[in-house]
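Contents: one structure, followed by commentary.
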Amino acid sequence: MKLVAAAKVRRAQEAVVSGRPFSETLVEVLYNINEQLQTEDVDVPLTRVHPVRKIALVVVTADRGLCGGFNNNIIKKAEQRIRELSALGIAYTVISVGKKGNSYFQRRPNIPVDRFLEVGSLPTTKEAQAIADDVFSLFVSEDVDKVELLYTKFVSLVKSDPVIHTLLPLSPKGEICDVNDVCVDAADDELFRLTTNERKLTVERETVRTPTPAFSPILQFEQDPVQILDALLPLYLNSQILRALQESLASEFAARMTAMINATDNAVELRRTLSIVYNRERQAKITGGILEIVAGADALS
């Protein structure tokens with residue numbers, strides 16, 4: 001299971017990296033269009049900021065267990081956010097993605113859930129679009145004033161962080177922001193490869209930065225910038241959801257690999273401990289038998 005998870009986490013990382021040029025080019029286009037619209041009063045539904053009265057929480061969990069505290073950590077993060085919103089008097093609804101999260105929220109009828117969704121073994125744009133359509137309709141119809149995405153960000157093979165990012169309203173410049181409106185840029189990707197060194201599994205790290213073609217500053221758009229923005233922002237929303245699903249999947253496989261390594265180490269330690277106990281008991285029994293024979297011989301003499 002450790003080796004299978006190691007192979008899968010590599011493929012999940014490559015899926016994240018392969019989608020990076022598209023996302024970065026899309027961000028540059030959004031930024032360029034936004035620069036042209038600075039002097040205009042433009043009303044784009046996905047960037048419209050409302051007074052926050054209700055928030056939709058998109059919680060991304062795994063479909064399977066045996067991955068350590070992966071699912072528990074993101075569920076605890078969701079519970080913490082729910083308590084914060086309740087303390088502020090802000091209503092909320094949950095969009096659960098993943099079987100583990102679905103079963104958790106189904107057992108808690110006091111938590112309002114808008115939809116239960118499942119993602120396959122490899123996230124696709126079709127599955128991301130299903131989530132995007134749901135949050136889009138909720139936000140545009142003003143059923144919710146803000147959408148937050150809770151998922152597990154892949155950091156390394158031994159570390160993954162549950163994070164909360166503001167999904168809607170979108171930043172016109174295509175930035176990713178957390179719940180405190182602190183916008184962050186994507187860091188360089190680190191790929192991890194499992195190799196053998198002196199018959200032991202080791203991890204090699206490789207920092208990858210996928211080159212993106214520069215966006216020409218003299219490029220002019222044929223359509224009205226507002227029309228292009230209306231078309232690109234839903235596409236950008238889909239790409240951000242897909243990236244979150246891919247990062248969550250990579251984190252799940254890394255957590256499963258770590259859990260299997262720990263299980264193997266624990267089994268080896270348990271075997272060593274039980275062998276010591278067994279040998280001590282066997283030696284005590286042999287010693288007791290010898291003492292009985294000696295005592296019997298002394299009694300006969």
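Residues are referred to by chain and number: the chain letter is A, B, ... according to the order shown in the structure tokens, the number counts from 1 in that chain, and ligands are numbered separately from 1 in the order shown.
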
Go through range 33-112 of chain A and flag each residue having an atom no more than 12 Å from range 153-160 of chain A; for those, report the closest pair of atoms plus their distance in Å to one decimal, using only C-alpha atoms, ordered by chain and rising number, as CSV.
residue,atom,partner,partner_atom,distance
A:Val60,CA,A:Lys153,CA,10.8
A:Thr61,CA,A:Lys153,CA,11.7
A:Cys67,CA,A:Val158,CA,11.8
A:Gly68,CA,A:Val158,CA,11.2
A:Gly69,CA,A:Ser160,CA,10.5
A:Phe70,CA,A:Ser160,CA,8.4
A:Asn71,CA,A:Ser160,CA,11.5
A:Asn73,CA,A:Ser160,CA,9.8
A:Ile74,CA,A:Lys153,CA,10.3

Review point. Got a sec to tell me which of range 10-176 of chain A DSSP assigns to helix (DSSP H, G or I), as a ChimeraX atom specification?
Key: /A:10-18,20-36,45-47,70-88,99-106,125-140

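The two atoms in question, CA of Val140 in chain A and CA of Pro51 in chain A, are spaced 13.9 Å apart.
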
Review point. Looking at A:Asn72, A:Thr93, A:Thr25, A:Gln13, which one is nearest to Lys54 in chain A, with distances taken over only C-alpha atoms?
Key: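 Residue with the minimum atom-to-atom distance to Lys54 in chain A: A:Thr93.
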
Exercise for review: Show which residues sit within 6 Å of range 236-249 of chain A, as a ChimeraX atom specification. Count only C-alpha atoms, and ignore same-chain residues fewer than 2 positions away.
Suggested key: /A:128-129,132,152-154,233-234,251-252

Keeping only C-alpha atoms, write those residues as a compact mmCIF listing (two decimals), in the first residue's frame.
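Saved result, out-v9.txt, follows:
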# COMPACT_ATOMS: atom_id res chain seq x y z
CA ALA A 128 -14.89 20.45 -10.82
CA GLN A 129 -17.56 21.98 -13.05
CA ALA A 132 -18.49 25.31 -9.75
CA THR A 152 -5.80 20.11 2.30
CA LYS A 153 -2.88 21.89 0.66
CA PHE A 154 0.01 19.64 -0.33
CA LEU A 233 -14.05 34.22 -14.58
CA PRO A 234 -16.22 31.04 -14.55
CA SER A 251 -2.16 15.18 0.17
CA GLU A 252 -4.36 12.11 0.68

Revision key, fill the gap. note - CA of Ser23 in chain A and CA of Glu127 in chain A are separated by 17.4 Å

Review point. Near Arg81 in chain A, within 12 Å and counting only C-alpha atoms, which residues show up once chain neighbours fewer than 2 positions away are dropped, as a PyMOL selection string?
Key: chain A and resi 55-59+74-79+83-88+90-94+148-150+162-165+179

Just N, CA, C and O atoms for this one: save the residues we selected as a CSV table (one decimal), in the first residue's frame.
chain,number,residue,atom,x,y,z
A,55,ILE,N,-22.7,32.2,4.4
A,55,ILE,CA,-21.5,31.7,3.7
A,55,ILE,C,-21.7,30.3,3.4
A,55,ILE,O,-22.2,29.5,4.2
A,56,ALA,N,-21.2,29.9,2.2
A,56,ALA,CA,-21.2,28.5,1.8
A,56,ALA,C,-19.8,28.0,2.0
A,56,ALA,O,-18.8,28.6,1.5
A,57,LEU,N,-19.7,26.8,2.7
A,57,LEU,CA,-18.4,26.2,2.9
A,57,LEU,C,-18.3,24.9,2.1
A,57,LEU,O,-19.1,24.0,2.2
A,58,VAL,N,-17.3,24.9,1.1
A,58,VAL,CA,-17.1,23.7,0.3
A,58,VAL,C,-16.0,22.9,1.0
A,58,VAL,O,-14.8,23.3,1.0
A,59,VAL,N,-16.3,21.8,1.6
A,59,VAL,CA,-15.4,21.0,2.4
A,59,VAL,C,-15.0,19.8,1.5
A,59,VAL,O,-15.8,18.9,1.2
A,74,ILE,N,-9.2,18.0,8.2
A,74,ILE,CA,-10.0,18.9,7.4
A,74,ILE,C,-11.4,19.1,8.0
A,74,ILE,O,-12.0,20.2,8.0
A,75,ILE,N,-11.9,18.0,8.6
A,75,ILE,CA,-13.2,18.1,9.3
A,75,ILE,C,-13.1,19.0,10.5
A,75,ILE,O,-14.0,19.8,10.8
A,76,LYS,N,-12.1,18.9,11.3
A,76,LYS,CA,-11.9,19.7,12.5
A,76,LYS,C,-11.7,21.2,12.0
A,76,LYS,O,-12.2,22.1,12.7
A,77,LYS,N,-11.1,21.4,10.9
A,77,LYS,CA,-11.0,22.8,10.3
A,77,LYS,C,-12.3,23.3,10.0
A,77,LYS,O,-12.7,24.5,10.3
A,78,ALA,N,-13.2,22.5,9.4
A,78,ALA,CA,-14.5,22.9,9.1
A,78,ALA,C,-15.4,23.2,10.3
A,78,ALA,O,-16.1,24.2,10.4
A,79,GLU,N,-15.2,22.3,11.4
A,79,GLU,CA,-15.9,22.6,12.6
A,79,GLU,C,-15.5,23.9,13.3
A,79,GLU,O,-16.3,24.6,13.8
A,83,ARG,N,-17.9,27.1,14.0
A,83,ARG,CA,-18.0,27.7,15.4
A,83,ARG,C,-17.8,29.2,15.3
A,83,ARG,O,-18.4,30.0,15.9
A,84,GLU,N,-16.8,29.6,14.5
A,84,GLU,CA,-16.4,31.0,14.3
A,84,GLU,C,-17.6,31.8,13.7
A,84,GLU,O,-18.0,32.9,14.1
A,85,LEU,N,-18.2,31.2,12.6
A,85,LEU,CA,-19.4,31.8,12.0
A,85,LEU,C,-20.6,31.9,12.9
A,85,LEU,O,-21.3,32.9,12.9
A,86,SER,N,-20.8,30.9,13.7
A,86,SER,CA,-21.9,30.9,14.6
A,86,SER,C,-21.7,32.0,15.7
A,86,SER,O,-22.7,32.6,16.1
A,87,ALA,N,-20.5,32.1,16.1
A,87,ALA,CA,-20.2,33.2,17.1
A,87,ALA,C,-20.4,34.6,16.6
A,87,ALA,O,-20.8,35.5,17.3
A,88,LEU,N,-20.2,34.7,15.3
A,88,LEU,CA,-20.4,36.0,14.6
A,88,LEU,C,-21.8,36.3,14.2
A,88,LEU,O,-22.2,37.3,13.7
A,90,ILE,N,-23.3,34.6,11.7
A,90,ILE,CA,-23.4,34.5,10.3
A,90,ILE,C,-23.9,33.1,9.9
A,90,ILE,O,-23.4,32.1,10.4
A,91,ALA,N,-25.0,33.1,9.1
A,91,ALA,CA,-25.5,31.8,8.7
A,91,ALA,C,-24.5,31.1,7.7
A,91,ALA,O,-23.7,31.7,7.1
A,92,TYR,N,-24.7,29.8,7.6
A,92,TYR,CA,-23.8,29.0,6.7
A,92,TYR,C,-24.5,27.8,6.2
A,92,TYR,O,-25.5,27.4,6.7
A,93,THR,N,-24.0,27.3,5.1
A,93,THR,CA,-24.4,26.0,4.5
A,93,THR,C,-23.2,25.3,4.0
A,93,THR,O,-22.2,26.0,3.7
A,94,VAL,N,-23.2,24.0,4.0
A,94,VAL,CA,-22.0,23.2,3.6
A,94,VAL,C,-22.3,22.5,2.3
A,94,VAL,O,-23.4,21.9,2.0
A,148,GLU,N,-16.4,29.8,0.6
A,148,GLU,CA,-15.1,29.5,1.1
A,148,GLU,C,-14.8,28.0,0.8
A,148,GLU,O,-15.6,27.2,0.9
A,149,LEU,N,-13.6,27.8,0.4
A,149,LEU,CA,-13.1,26.4,0.0
A,149,LEU,C,-12.2,25.9,1.0
A,149,LEU,O,-11.1,26.5,1.3
A,150,LEU,N,-12.5,24.8,1.6
A,150,LEU,CA,-11.7,24.1,2.7
A,150,LEU,C,-11.1,22.8,2.1
A,150,LEU,O,-11.9,21.9,1.7
A,162,PRO,N,-4.4,21.8,6.2
A,162,PRO,CA,-5.8,22.2,5.9
A,162,PRO,C,-5.9,23.7,5.8
A,162,PRO,O,-5.5,24.4,6.7
A,163,VAL,N,-6.4,24.2,4.7
A,163,VAL,CA,-6.5,25.7,4.5
A,163,VAL,C,-7.9,26.1,4.1
A,163,VAL,O,-8.7,25.3,3.7
A,164,ILE,N,-8.2,27.4,4.2
A,164,ILE,CA,-9.5,28.0,3.8
A,164,ILE,C,-9.2,29.1,2.9
A,164,ILE,O,-8.4,30.0,3.2
A,165,HIS,N,-9.7,29.0,1.7
A,165,HIS,CA,-9.5,30.1,0.7
A,165,HIS,C,-10.9,30.6,0.3
A,165,HIS,O,-11.8,29.9,0.2
A,179,VAL,N,-9.2,33.6,4.0
A,179,VAL,CA,-10.4,34.2,4.6
A,179,VAL,C,-10.1,35.5,5.2
A,179,VAL,O,-11.1,36.3,5.5

**Study point:** Non-local contacts of Ile228 in chain A (10 Å; only C-alpha atoms; under 4 positions in same chain excluded) as an MDAnalysis selection string
**Key:** chainID A and resid 29:30 33 221:224 232:233

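Computed from the coordinates, the CA of Ala254 in chain A to CA of Gly65 in chain A distance equals 12.7 Å.
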